[in-house]
Amino acid sequence: MSEYEDILQKIRPFGPHQVRTFVLVSLFETPLAWAMLGPIFTAKTPLFSCSDKNQTLYLDTNATDSCEHKNVCESYVFQSDFTSIVSEWQLVCGRGAVADLITSLQMAGVLFGAVITGQLADIFGRKKILFIEYALLIVLWFSTGFVTVWELYAALRFLIGGLIGGCLVVNFVLPLEFVTPQWRTFCGCVGFWAVGLMTLALWAFLVRDWRHLDLAMSSTGVVLLPLWWLIDESPRWLLSRGHLKEAQEIISKMAKFNKRPVPDMKCLQDFVQREKIRINEEKKYSYWHLFSSVNQTKGTLICMFGWFVSSSVYYGHNFNSKNLVGNMYLNVFISGLVEIPALIFVLFSNNHLGRRITVFLLMLLSGLACVAVLVIDIAGQGESMPGLTISMAMFGKSCISGAWAAVQILSAETFPTVIRNIGIGACSMAARIGGIVAPQFGFLGKTLMHVPFTIFGILAVTCSFLVLLLNETKDAPLPDRIHSTLPSTPAEVELLNHGKNKAENGSGDDFNLTEVDKISFGQMA
């Protein structure tokens, strides 16, 4: 265990100050979920009819077959108790793919924002970047309520996605840098993302106009900005940048808040020096080292595929929920509610069943639930058994949310220390690509409900068995090096000895978090 984490043990590894920081930072997940998943409602296609120049209505049905007379249509008449960007700009028939394309652009922005923010947070600090990007998000999100053309709206959604991705990066990293390794699984799995999804359904139920909905949610998000005065900068980041005095002041504050004596912090000088050595060491490695051997290549590809599947199926379920039978508001609320038991399951099973088996079970169950929806639909029982269809879809959504949390922990423990940040960065990019394609699954589901679930089932079941090819990391010391070659420089000797000490002390989880920003639980995101 490092000197920093040894001090955290003395002042309480998850004391009142850390709990407060964790809760306050996690609160950001709720409006971030509103912003990310808002298109479930704001991009929904209402029932509509086709009207020709004589104002004759040819159809009165949904988007599945409502474009039969599009050649004679002068306009469309939308018949619903809600509005969306689809009804605002008549994004149907020939332009029917635009709404989901805009959502994919938003998810592409998430990828861009996560990559950029990772570097910014390392340079300028976690706290500053979180609040700056969140404030910009509120401004741009509020602005969407006043746009008059869908092209400008699409551009804003891309920028909003970038800011969401950036905020999620820091939102995940910041609390983890206040706690010891044994609390990282808890902090990574527990949060308010599911609460955000549930309350999004309530917002949409109460506010049926898409412009008013965006205005209301973004305005409500402003209440989190004063938390600036209650959240401290990460001491670990300060130490990694050589700001020893500022880090010591925050640690002293933590000790007093936790009702513990202020510890002797002279040892942190050694930690700062070692952090400099580690950073210089990691500069020697690149993405090519992820594929430096057969075993390393296998682990890298399986982990990346696991993140891709988790993201694409998770967001695919969310964006496809508008196409399920039944009340769409209730469906979305339930889809958020079912995430909670899955994450609780991960908390207990990860340390009892192991990382690999936990991911395998959740992925397999998610895939089988999706296959069950496919079978019900093919058998022609989808409309006669809506309750069973929704139950299977929600069970699949619950399992994939837990699988995503578990696969991130497994991945972080699979990559050697010297390339762990690079590996997690590659996995995160794979997840963001999954998020980009996810809205297109919802587009396919408009015409054939079973198509998205077929894709979800194949991806999840395939991934479940591939994960079994990885090594179990539960109770195993984290690998420090790619190859078992002897160190050739004093810096390498010190790093190797440090890794051995960690293994001997049984911590096995002292991995760097200066760039673990690429991880996004749920959020996630």
# chains A, B, ... in the order shown; residues from 1 in each chain; ligands from 1

call {"tool": "closest_atom_pairs", "arguments": {"of": "segment 374-459 of chain A", "to": "segment 190-193 of chain A", "cutoff": "12 Å", "atoms": "only C-alpha atoms", "output": "CSV"}}
result
residue,atom,partner,partner_atom,distance
A:Ser401,CA,A:Trp193,CA,10.9
A:Gly402,CA,A:Val190,CA,10.8
A:Ala405,CA,A:Val190,CA,9.7

call {"tool": "write_last_selection", "arguments": {"atoms": "N, CA, C and O atoms", "output": "PDB file, in the first residue's frame"}}
result
ATOM      1  N   SER A 401     -26.438  -3.885 -17.109  1.00  0.00           N
ATOM      2  CA  SER A 401     -25.917  -2.770 -16.310  1.00  0.00           C
ATOM      3  C   SER A 401     -24.937  -3.283 -15.254  1.00  0.00           C
ATOM      4  O   SER A 401     -23.898  -2.671 -14.995  1.00  0.00           O
ATOM      5  N   GLY A 402     -25.273  -4.435 -14.636  1.00  0.00           N
ATOM      6  CA  GLY A 402     -24.347  -5.027 -13.681  1.00  0.00           C
ATOM      7  C   GLY A 402     -23.095  -5.566 -14.357  1.00  0.00           C
ATOM      8  O   GLY A 402     -21.990  -5.453 -13.833  1.00  0.00           O
ATOM      9  N   ALA A 405     -20.498  -2.829 -15.014  1.00  0.00           N
ATOM     10  CA  ALA A 405     -19.728  -2.469 -13.826  1.00  0.00           C
ATOM     11  C   ALA A 405     -18.669  -3.529 -13.536  1.00  0.00           C
ATOM     12  O   ALA A 405     -17.514  -3.216 -13.218  1.00  0.00           O
TER      13      ALA A 405
END

call {"tool": "residues_around", "arguments": {"residues": "Glu3 of chain A", "least_positions_apart": "2", "cutoff": "12 Å", "atoms": "only C-alpha atoms", "output": "short mmCIF file (atom, residue, chain, number, x, y, z; two decimals) with all heavy atoms, in the first residue's frame"}}
result
data_model
loop_
_atom_site.label_atom_id
_atom_site.label_comp_id
_atom_site.auth_asym_id
_atom_site.auth_seq_id
_atom_site.Cartn_x
_atom_site.Cartn_y
_atom_site.Cartn_z
N MET A 1 0.85 -1.20 0.00
CA MET A 1 0.00 0.00 0.00
C MET A 1 0.89 1.24 0.00
O MET A 1 1.88 1.30 0.72
CB MET A 1 -0.92 -0.01 1.22
CG MET A 1 -1.91 1.14 1.26
SD MET A 1 -3.11 0.94 2.59
CE MET A 1 -4.03 -0.48 2.00
N GLU A 5 -2.16 6.03 0.67
CA GLU A 5 -3.27 5.20 1.12
C GLU A 5 -3.08 4.75 2.56
O GLU A 5 -4.06 4.51 3.28
CB GLU A 5 -3.44 4.02 0.17
CG GLU A 5 -4.07 4.47 -1.14
CD GLU A 5 -3.97 3.44 -2.24
OE1 GLU A 5 -3.19 2.49 -2.08
OE2 GLU A 5 -4.66 3.61 -3.24
N ASP A 6 -1.85 4.66 3.01
CA ASP A 6 -1.58 4.37 4.41
C ASP A 6 -2.12 5.50 5.30
O ASP A 6 -2.69 5.26 6.36
CB ASP A 6 -0.09 4.18 4.63
CG ASP A 6 0.23 3.77 6.06
OD1 ASP A 6 -0.37 2.79 6.54
OD2 ASP A 6 1.06 4.45 6.70
N ILE A 7 -1.96 6.73 4.83
CA ILE A 7 -2.50 7.88 5.56
C ILE A 7 -4.02 7.85 5.55
O ILE A 7 -4.68 8.14 6.56
CB ILE A 7 -1.97 9.19 4.95
CG1 ILE A 7 -0.49 9.36 5.32
CG2 ILE A 7 -2.78 10.39 5.42
CD1 ILE A 7 0.16 10.58 4.72
N LEU A 8 -4.62 7.47 4.40
CA LEU A 8 -6.07 7.36 4.34
C LEU A 8 -6.59 6.34 5.35
O LEU A 8 -7.66 6.54 5.96
CB LEU A 8 -6.52 6.98 2.94
CG LEU A 8 -6.35 8.03 1.84
CD1 LEU A 8 -6.89 7.50 0.51
CD2 LEU A 8 -7.05 9.34 2.19
N GLN A 9 -5.84 5.25 5.53
CA GLN A 9 -6.25 4.25 6.53
C GLN A 9 -6.26 4.87 7.93
O GLN A 9 -7.15 4.59 8.74
CB GLN A 9 -5.29 3.06 6.50
CG GLN A 9 -5.45 2.14 5.29
CD GLN A 9 -6.67 1.24 5.41
OE1 GLN A 9 -7.44 1.31 6.36
NE2 GLN A 9 -6.86 0.39 4.41
N LYS A 10 -5.28 5.71 8.22
CA LYS A 10 -5.17 6.30 9.55
C LYS A 10 -6.30 7.30 9.82
O LYS A 10 -6.77 7.42 10.96
CB LYS A 10 -3.82 7.00 9.71
CG LYS A 10 -2.64 6.03 9.70
CD LYS A 10 -1.31 6.78 9.78
CE LYS A 10 -0.14 5.81 9.73
NZ LYS A 10 1.17 6.52 9.74
N THR A 180 -9.45 4.24 -0.15
CA THR A 180 -8.48 3.14 -0.29
C THR A 180 -9.03 2.10 -1.26
O THR A 180 -10.23 2.10 -1.58
CB THR A 180 -8.20 2.51 1.08
OG1 THR A 180 -9.44 2.14 1.69
CG2 THR A 180 -7.46 3.48 1.97
N ARG A 236 -4.76 13.15 -4.26
CA ARG A 236 -3.88 12.30 -5.06
C ARG A 236 -3.43 13.04 -6.32
O ARG A 236 -2.27 12.93 -6.73
CB ARG A 236 -4.58 11.00 -5.43
CG ARG A 236 -3.69 10.08 -6.24
CD ARG A 236 -4.08 8.64 -6.11
NE ARG A 236 -3.01 7.78 -6.61
CZ ARG A 236 -2.81 6.54 -6.24
NH1 ARG A 236 -3.58 5.99 -5.34
NH2 ARG A 236 -1.83 5.83 -6.76
N LEU A 239 -0.80 15.57 -5.33
CA LEU A 239 0.49 14.93 -5.08
C LEU A 239 1.16 14.54 -6.39
O LEU A 239 2.38 14.67 -6.54
CB LEU A 239 0.30 13.70 -4.20
CG LEU A 239 -0.10 13.97 -2.74
CD1 LEU A 239 -0.49 12.67 -2.05
CD2 LEU A 239 1.03 14.66 -1.98
N PRO A 263 -2.33 13.05 10.79
CA PRO A 263 -1.17 12.16 10.76
C PRO A 263 0.10 12.88 10.33
O PRO A 263 0.06 13.97 9.76
CB PRO A 263 -1.57 11.10 9.73
CG PRO A 263 -2.46 11.85 8.78
CD PRO A 263 -3.21 12.84 9.62
N ASP A 264 1.22 12.22 10.58
CA ASP A 264 2.51 12.72 10.11
C ASP A 264 2.56 12.48 8.59
O ASP A 264 2.42 11.35 8.13
CB ASP A 264 3.64 11.97 10.80
CG ASP A 264 5.02 12.48 10.36
OD1 ASP A 264 5.06 13.43 9.57
OD2 ASP A 264 6.02 11.90 10.80
N MET A 265 2.78 13.55 7.83
CA MET A 265 2.72 13.43 6.38
C MET A 265 4.08 13.63 5.70
O MET A 265 4.15 13.91 4.51
CB MET A 265 1.69 14.43 5.82
CG MET A 265 0.25 14.06 6.17
SD MET A 265 -0.97 15.20 5.49
CE MET A 265 -0.97 16.48 6.74
N LYS A 266 5.15 13.46 6.46
CA LYS A 266 6.48 13.59 5.85
C LYS A 266 6.72 12.54 4.77
O LYS A 266 7.44 12.78 3.80
CB LYS A 266 7.55 13.49 6.93
CG LYS A 266 7.54 14.64 7.95
CD LYS A 266 8.61 14.45 8.99
CE LYS A 266 8.59 15.59 10.00
NZ LYS A 266 9.62 15.39 11.07
N CYS A 267 6.11 11.37 4.96
CA CYS A 267 6.32 10.27 4.01
C CYS A 267 5.76 10.58 2.63
O CYS A 267 6.11 9.93 1.64
CB CYS A 267 5.69 8.98 4.54
SG CYS A 267 3.91 9.09 4.80
N LEU A 268 4.87 11.57 2.54
CA LEU A 268 4.28 11.89 1.24
C LEU A 268 5.31 12.43 0.26
O LEU A 268 5.10 12.39 -0.96
CB LEU A 268 3.15 12.91 1.42
CG LEU A 268 1.86 12.37 2.07
CD1 LEU A 268 0.84 13.49 2.20
CD2 LEU A 268 1.28 11.22 1.27
N GLN A 269 6.43 12.94 0.78
CA GLN A 269 7.48 13.42 -0.11
C GLN A 269 8.03 12.27 -0.95
O GLN A 269 8.28 12.42 -2.15
CB GLN A 269 8.61 14.06 0.70
CG GLN A 269 9.69 14.70 -0.16
CD GLN A 269 9.17 15.87 -0.98
OE1 GLN A 269 8.51 16.76 -0.45
NE2 GLN A 269 9.46 15.87 -2.27
N ASP A 270 8.15 11.09 -0.33
CA ASP A 270 8.61 9.91 -1.07
C ASP A 270 7.57 9.50 -2.12
O ASP A 270 7.91 9.09 -3.23
CB ASP A 270 8.86 8.75 -0.11
CG ASP A 270 10.01 9.03 0.84
OD1 ASP A 270 10.91 9.81 0.46
OD2 ASP A 270 10.01 8.47 1.96
N PHE A 271 6.30 9.62 -1.74
CA PHE A 271 5.23 9.28 -2.68
C PHE A 271 5.28 10.19 -3.90
O PHE A 271 5.11 9.74 -5.04
CB PHE A 271 3.88 9.40 -1.97
CG PHE A 271 2.70 9.08 -2.84
CD1 PHE A 271 2.33 7.77 -3.09
CD2 PHE A 271 1.94 10.10 -3.42
CE1 PHE A 271 1.23 7.48 -3.90
CE2 PHE A 271 0.86 9.82 -4.22
CZ PHE A 271 0.50 8.50 -4.46
N VAL A 272 5.50 11.48 -3.68
CA VAL A 272 5.58 12.43 -4.78
C VAL A 272 6.73 12.07 -5.72
O VAL A 272 6.58 12.10 -6.95
CB VAL A 272 5.75 13.87 -4.24
CG1 VAL A 272 6.07 14.83 -5.37
CG2 VAL A 272 4.50 14.31 -3.51
N GLN A 273 7.86 11.72 -5.16
CA GLN A 273 9.02 11.37 -5.99
C GLN A 273 8.75 10.11 -6.80
O GLN A 273 9.10 10.01 -7.98
CB GLN A 273 10.25 11.15 -5.10
CG GLN A 273 10.75 12.42 -4.41
CD GLN A 273 11.12 13.50 -5.43
OE1 GLN A 273 11.72 13.23 -6.47
NE2 GLN A 273 10.76 14.75 -5.12
N ARG A 274 8.10 9.15 -6.18
CA ARG A 274 7.81 7.92 -6.90
C ARG A 274 6.76 8.13 -7.99
O ARG A 274 6.79 7.47 -9.03
CB ARG A 274 7.36 6.82 -5.94
CG ARG A 274 7.36 5.44 -6.59
CD ARG A 274 7.22 4.30 -5.61
NE ARG A 274 6.00 4.39 -4.84
CZ ARG A 274 5.96 4.70 -3.54
NH1 ARG A 274 7.08 4.96 -2.90
NH2 ARG A 274 4.81 4.76 -2.90
N GLU A 275 5.84 9.02 -7.75
CA GLU A 275 4.85 9.34 -8.78
C GLU A 275 5.55 9.92 -10.02
O GLU A 275 5.16 9.61 -11.15
CB GLU A 275 3.83 10.36 -8.25
CG GLU A 275 2.76 9.75 -7.35
CD GLU A 275 1.82 8.85 -8.13
OE1 GLU A 275 0.98 9.37 -8.87
OE2 GLU A 275 1.94 7.61 -7.98
N HIS A 498 8.48 -1.86 -5.66
CA HIS A 498 7.22 -1.33 -5.15
C HIS A 498 6.09 -2.31 -5.44
O HIS A 498 5.23 -2.57 -4.60
CB HIS A 498 6.92 0.02 -5.79
CG HIS A 498 5.61 0.61 -5.36
ND1 HIS A 498 5.25 0.78 -4.04
CD2 HIS A 498 4.56 1.06 -6.09
CE1 HIS A 498 4.06 1.32 -3.97
NE2 HIS A 498 3.61 1.48 -5.20
N LYS A 502 3.69 -4.40 -2.75
CA LYS A 502 2.22 -4.40 -2.78
C LYS A 502 1.69 -5.81 -2.70
O LYS A 502 0.75 -6.11 -1.98
CB LYS A 502 1.70 -3.73 -4.05
CG LYS A 502 1.87 -2.24 -4.08
CD LYS A 502 1.13 -1.64 -5.25
CE LYS A 502 1.65 -2.19 -6.56
NZ LYS A 502 0.94 -1.63 -7.72
N ASP A 510 -3.33 -1.20 -5.95
CA ASP A 510 -2.83 0.17 -5.87
C ASP A 510 -2.56 0.70 -7.28
O ASP A 510 -1.49 1.16 -7.58
CB ASP A 510 -1.55 0.18 -5.04
CG ASP A 510 -1.03 1.59 -4.83
OD1 ASP A 510 -1.85 2.52 -4.90
OD2 ASP A 510 0.17 1.75 -4.60
#

call {"tool": "closest_residue", "arguments": {"among": "A:Thr473, A:Ser398, A:Ser310, A:Asn171", "to": "Ile231 of chain A", "atoms": "only C-alpha atoms"}}
result
A:Asn171

call {"tool": "closest_residue", "arguments": {"among": "A:Val332, A:Ala247, A:Leu32, A:Met198", "to": "Asn320 of chain A", "atoms": "only C-alpha atoms"}}
result
A:Val332

call {"tool": "residues_around", "arguments": {"residues": "Lys298 of chain A", "least_positions_apart": "3", "cutoff": "12 Å", "atoms": "only C-alpha atoms", "output": "PyMOL selection string"}}
result
chain A and resi 290-295+301-305+414-415+466-471

call {"tool": "atom_distance", "arguments": {"atom1": "atom CA of Thr21 of chain A", "atom2": "atom CA of Leu176 of chain A"}}
result
9.8 Å

call {"tool": "atom_distance", "arguments": {"atom1": "atom CA of Phe333 of chain A", "atom2": "atom CA of Trp210 of chain A"}}
result
18.0 Å

call {"tool": "select_by_dssp", "arguments": {"residues": "segment 75-129 of chain A", "states": "alpha helix (DSSP H)", "output": "VMD selection string"}}
result
chain A and resid 85 to 89 98 to 124 126 to 129

call {"tool": "residues_around", "arguments": {"residues": "Gly434 of chain A", "least_positions_apart": "3", "cutoff": "9 Å", "atoms": "only C-alpha atoms", "output": "list in words"}}
result
Met107, Trp307, Phe308, Val309, Ser310, Ser311, Ser312, Val313, Tyr315, Gly316, Met429, Ala430, Ala431, Val437 and Ala438 of chain A

call {"tool": "write_last_selection", "arguments": {"atoms": "N, CA, C and O atoms", "output": "mmCIF file, in the first residue's frame"}}
result
data_model
loop_
_atom_site.group_PDB
_atom_site.id
_atom_site.type_symbol
_atom_site.label_atom_id
_atom_site.label_comp_id
_atom_site.auth_asym_id
_atom_site.auth_seq_id
_atom_site.Cartn_x
_atom_site.Cartn_y
_atom_site.Cartn_z
ATOM 1 N N MET A 107 -23.626 10.732 -28.958
ATOM 2 C CA MET A 107 -22.772 9.702 -28.373
ATOM 3 C C MET A 107 -21.348 9.790 -28.924
ATOM 4 O O MET A 107 -20.385 9.457 -28.226
ATOM 5 N N TRP A 307 -16.339 -4.183 -23.166
ATOM 6 C CA TRP A 307 -16.804 -2.801 -22.997
ATOM 7 C C TRP A 307 -17.723 -2.395 -24.151
ATOM 8 O O TRP A 307 -18.730 -1.715 -23.931
ATOM 9 N N PHE A 308 -17.370 -2.790 -25.369
ATOM 10 C CA PHE A 308 -18.217 -2.473 -26.527
ATOM 11 C C PHE A 308 -19.603 -3.078 -26.358
ATOM 12 O O PHE A 308 -20.627 -2.398 -26.561
ATOM 13 N N VAL A 309 -19.658 -4.347 -25.988
ATOM 14 C CA VAL A 309 -20.943 -5.031 -25.812
ATOM 15 C C VAL A 309 -21.739 -4.391 -24.679
ATOM 16 O O VAL A 309 -22.939 -4.110 -24.820
ATOM 17 N N SER A 310 -21.077 -4.143 -23.560
ATOM 18 C CA SER A 310 -21.773 -3.549 -22.414
ATOM 19 C C SER A 310 -22.410 -2.216 -22.779
ATOM 20 O O SER A 310 -23.583 -1.959 -22.466
ATOM 21 N N SER A 311 -21.642 -1.365 -23.445
ATOM 22 C CA SER A 311 -22.144 -0.035 -23.800
ATOM 23 C C SER A 311 -23.245 -0.102 -24.851
ATOM 24 O O SER A 311 -24.303 0.517 -24.698
ATOM 25 N N SER A 312 -23.011 -0.851 -25.925
ATOM 26 C CA SER A 312 -23.990 -0.895 -27.012
ATOM 27 C C SER A 312 -25.302 -1.519 -26.557
ATOM 28 O O SER A 312 -26.382 -1.035 -26.907
ATOM 29 N N VAL A 313 -25.217 -2.586 -25.755
ATOM 30 C CA VAL A 313 -26.447 -3.238 -25.279
ATOM 31 C C VAL A 313 -27.133 -2.382 -24.215
ATOM 32 O O VAL A 313 -28.361 -2.237 -24.219
ATOM 33 N N TYR A 315 -26.990 1.028 -23.691
ATOM 34 C CA TYR A 315 -27.638 2.193 -24.288
ATOM 35 C C TYR A 315 -28.669 1.772 -25.325
ATOM 36 O O TYR A 315 -29.663 2.470 -25.547
ATOM 37 N N GLY A 316 -28.428 0.638 -25.980
ATOM 38 C CA GLY A 316 -29.431 0.127 -26.915
ATOM 39 C C GLY A 316 -30.744 -0.164 -26.219
ATOM 40 O O GLY A 316 -31.821 0.167 -26.723
ATOM 41 N N MET A 429 -12.694 3.719 -25.358
ATOM 42 C CA MET A 429 -12.999 4.087 -26.738
ATOM 43 C C MET A 429 -13.919 3.048 -27.375
ATOM 44 O O MET A 429 -14.848 3.396 -28.117
ATOM 45 N N ALA A 430 -13.688 1.767 -27.076
ATOM 46 C CA ALA A 430 -14.561 0.713 -27.593
ATOM 47 C C ALA A 430 -15.983 0.883 -27.063
ATOM 48 O O ALA A 430 -16.968 0.695 -27.793
ATOM 49 N N ALA A 431 -16.094 1.267 -25.778
ATOM 50 C CA ALA A 431 -17.415 1.485 -25.188
ATOM 51 C C ALA A 431 -18.124 2.658 -25.853
ATOM 52 O O ALA A 431 -19.336 2.605 -26.099
ATOM 53 N N VAL A 437 -23.310 3.407 -31.873
ATOM 54 C CA VAL A 437 -24.174 2.548 -32.696
ATOM 55 C C VAL A 437 -25.482 2.210 -31.987
ATOM 56 O O VAL A 437 -26.453 1.805 -32.637
ATOM 57 N N ALA A 438 -25.541 2.368 -30.667
ATOM 58 C CA ALA A 438 -26.724 1.983 -29.902
ATOM 59 C C ALA A 438 -28.015 2.644 -30.385
ATOM 60 O O ALA A 438 -29.047 1.962 -30.497
#
